[in-house]
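Some notes on the structure that comes next.
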Amino acid sequence: MENKEKAECLIELCKIQMDHFRQTRDIEFKVNLALWTLVALGGKFFYDKIKLDTCCEWVIYIVFALAIIFTHFFFWMRPIQDSEDRDIRFIYQCREKLIEGESSDWRGGKWTYFEVAITFALLVGVGIVLVL
């Protein structure tokens, strides 16, 4: 295989991997948006039905909110971020092979924490609304 053919193959592999990365990120955004919408709608639904007056009700709400946050982080955000990191790492490796002498160090995205923080903030907001 000639150098030109190798380069074309690497470019094609990068395009395929980038398409996969974009699809994964699109799915991630849609699922997160759906979760945040459900949290907001849940708060609206329970606004007139539940008032967090007693300590027991607060404990139940906090346990429920923590379960949502940890499930969101460990079962959705971490696996999806690992997939995105693998895609980007592969793209950077192909790029290094195409452009000799250029080294790139991909450390992975930290959006995971930001998106889980949005979930946390929404749940705190719902908790505050349920107190009023």
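Simple scheme: letters A, B, ... for chains in structure tokens order, numbers from 1 for residues in each chain, numbers from 1 for ligands in the order shown.
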
Worksheet item: Could you pull the residues within 10 Å of Met77 in chain A, counting only C-alpha atoms, minus those fewer than 4 positions along the same chain, as a list in words?
Response: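 So the residues in contact are Glu28, Asn32, Phe70, Thr71, His72, Phe73, Gln81, Asp82, Ser83, Trp111, Thr112, Tyr113, Glu115 and Val116 of chain A.
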
Discussion item. Residues near range 36-42 of chain A, anyone? I mean within 8 Å using only C-alpha atoms, not counting same-chain ones fewer than 4 positions away, as a list in words.
Written reply: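 Here the answer would be Asn32, Phe46, Thr119, Leu122, Leu123 and Val126 of chain A.
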
Dump of N, CA and C atoms for the selected residues, as a compact mmCIF listing (two decimals), in the first residue's frame:
# COMPACT_ATOMS: atom_id res chain seq x y z
N ASN A 32 -30.14 13.79 27.82
CA ASN A 32 -30.03 14.73 28.93
C ASN A 32 -31.18 15.74 28.93
N PHE A 46 -45.83 17.71 40.93
CA PHE A 46 -45.93 17.52 42.38
C PHE A 46 -46.04 18.84 43.16
N THR A 119 -28.35 18.59 36.33
CA THR A 119 -29.36 17.72 36.93
C THR A 119 -29.50 18.02 38.42
N LEU A 122 -31.30 21.35 38.94
CA LEU A 122 -32.75 21.20 38.70
C LEU A 122 -33.44 20.52 39.87
N LEU A 123 -32.81 19.49 40.42
CA LEU A 123 -33.41 18.78 41.55
C LEU A 123 -33.44 19.66 42.80
N VAL A 126 -36.33 21.96 42.20
CA VAL A 126 -37.61 21.28 42.45
C VAL A 126 -37.84 21.15 43.96

Practice prompt. May I ask which of the residues A:Val129, A:Cys14, A:Ala117, A:Cys9 is the closest one to Ile68 in chain A, counting only C-alpha atoms?
Written response: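 Once distances to Ile68 in chain A are computed over only C-alpha atoms, the minimum belongs to A:Ala117.
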
Fill in: chain A: residues DSSP assigns to helix (DSSP H, G or I), reported as an NGL selection string
:A and (3-46 or 55-98 or 111-131)

Item to complete: Rank nothing, just name the residue among A:Ala67, A:Leu10, A:Ile80, A:Ala121 nearest to Asp26 in chain A, using only C-alpha atoms.
Response: A:Ile80

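Coordinates place CA of Phe120 in chain A at a distance of 8.4 Å from CA of Leu66 in chain A.
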
Item to complete: Tell me which of A:Lys4, A:Ala65, A:Ile60, A:Met18 sits closest to Phe90 in chain A, counting only C-alpha atoms.
Response: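 Among the listed residues, A:Met18 lies closest to Phe90 in chain A.
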
Discussion item. Residues within 9 Å of range 49-58 of chain A, please, as a list in words. Count only C-alpha atoms; anything in the same chain fewer than 6 positions from it doesn't count.
Written reply: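 After dropping sequence-adjacent residues, the list is Gly127, Ile128, Val129, Leu130, Val131 and Leu132 of chain A.
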
Let's have the selection written as a CSV table (one decimal), in the first residue's frame, with N, CA and C atoms.
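Below you can see selection-v5.csv, which holds the result:
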chain,number,residue,atom,x,y,z
A,127,GLY,N,-36.8,20.8,44.7
A,127,GLY,CA,-36.9,20.7,46.2
A,127,GLY,C,-37.3,22.0,46.8
A,128,ILE,N,-36.8,23.1,46.3
A,128,ILE,CA,-37.1,24.5,46.8
A,128,ILE,C,-38.6,24.8,46.5
A,129,VAL,N,-39.0,24.5,45.2
A,129,VAL,CA,-40.4,24.7,44.8
A,129,VAL,C,-41.4,23.9,45.7
A,130,LEU,N,-41.0,22.7,46.0
A,130,LEU,CA,-41.9,21.8,46.8
A,130,LEU,C,-42.0,22.3,48.3
A,131,VAL,N,-41.0,23.1,48.7
A,131,VAL,CA,-41.1,23.6,50.1
A,131,VAL,C,-42.1,24.8,50.1
A,132,LEU,N,-42.2,25.5,49.0
A,132,LEU,CA,-43.0,26.7,49.0
A,132,LEU,C,-44.5,26.4,49.0

Discussion item. Report, in Å to a single decimal, how far apart CA of Gln17 in chain A and CA of Cys94 in chain A are.
Written reply: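 These atoms are spaced 10.2 Å apart.
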
Item to complete: For CA of Trp76 in chain A and CA of Ile16 in chain A, determine how far apart the two atoms are, in Å to one decimal place.
Response: 23.3 Å

Practice prompt. Select, from A:Gly43, A:Arg89, A:Ile27, A:Arg95, the residue with the minimum atom-to-atom distance to Glu8 in chain A, counting only C-alpha atoms.
Written response: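 Once distances to Glu8 in chain A are computed over only C-alpha atoms, the minimum belongs to A:Arg95.
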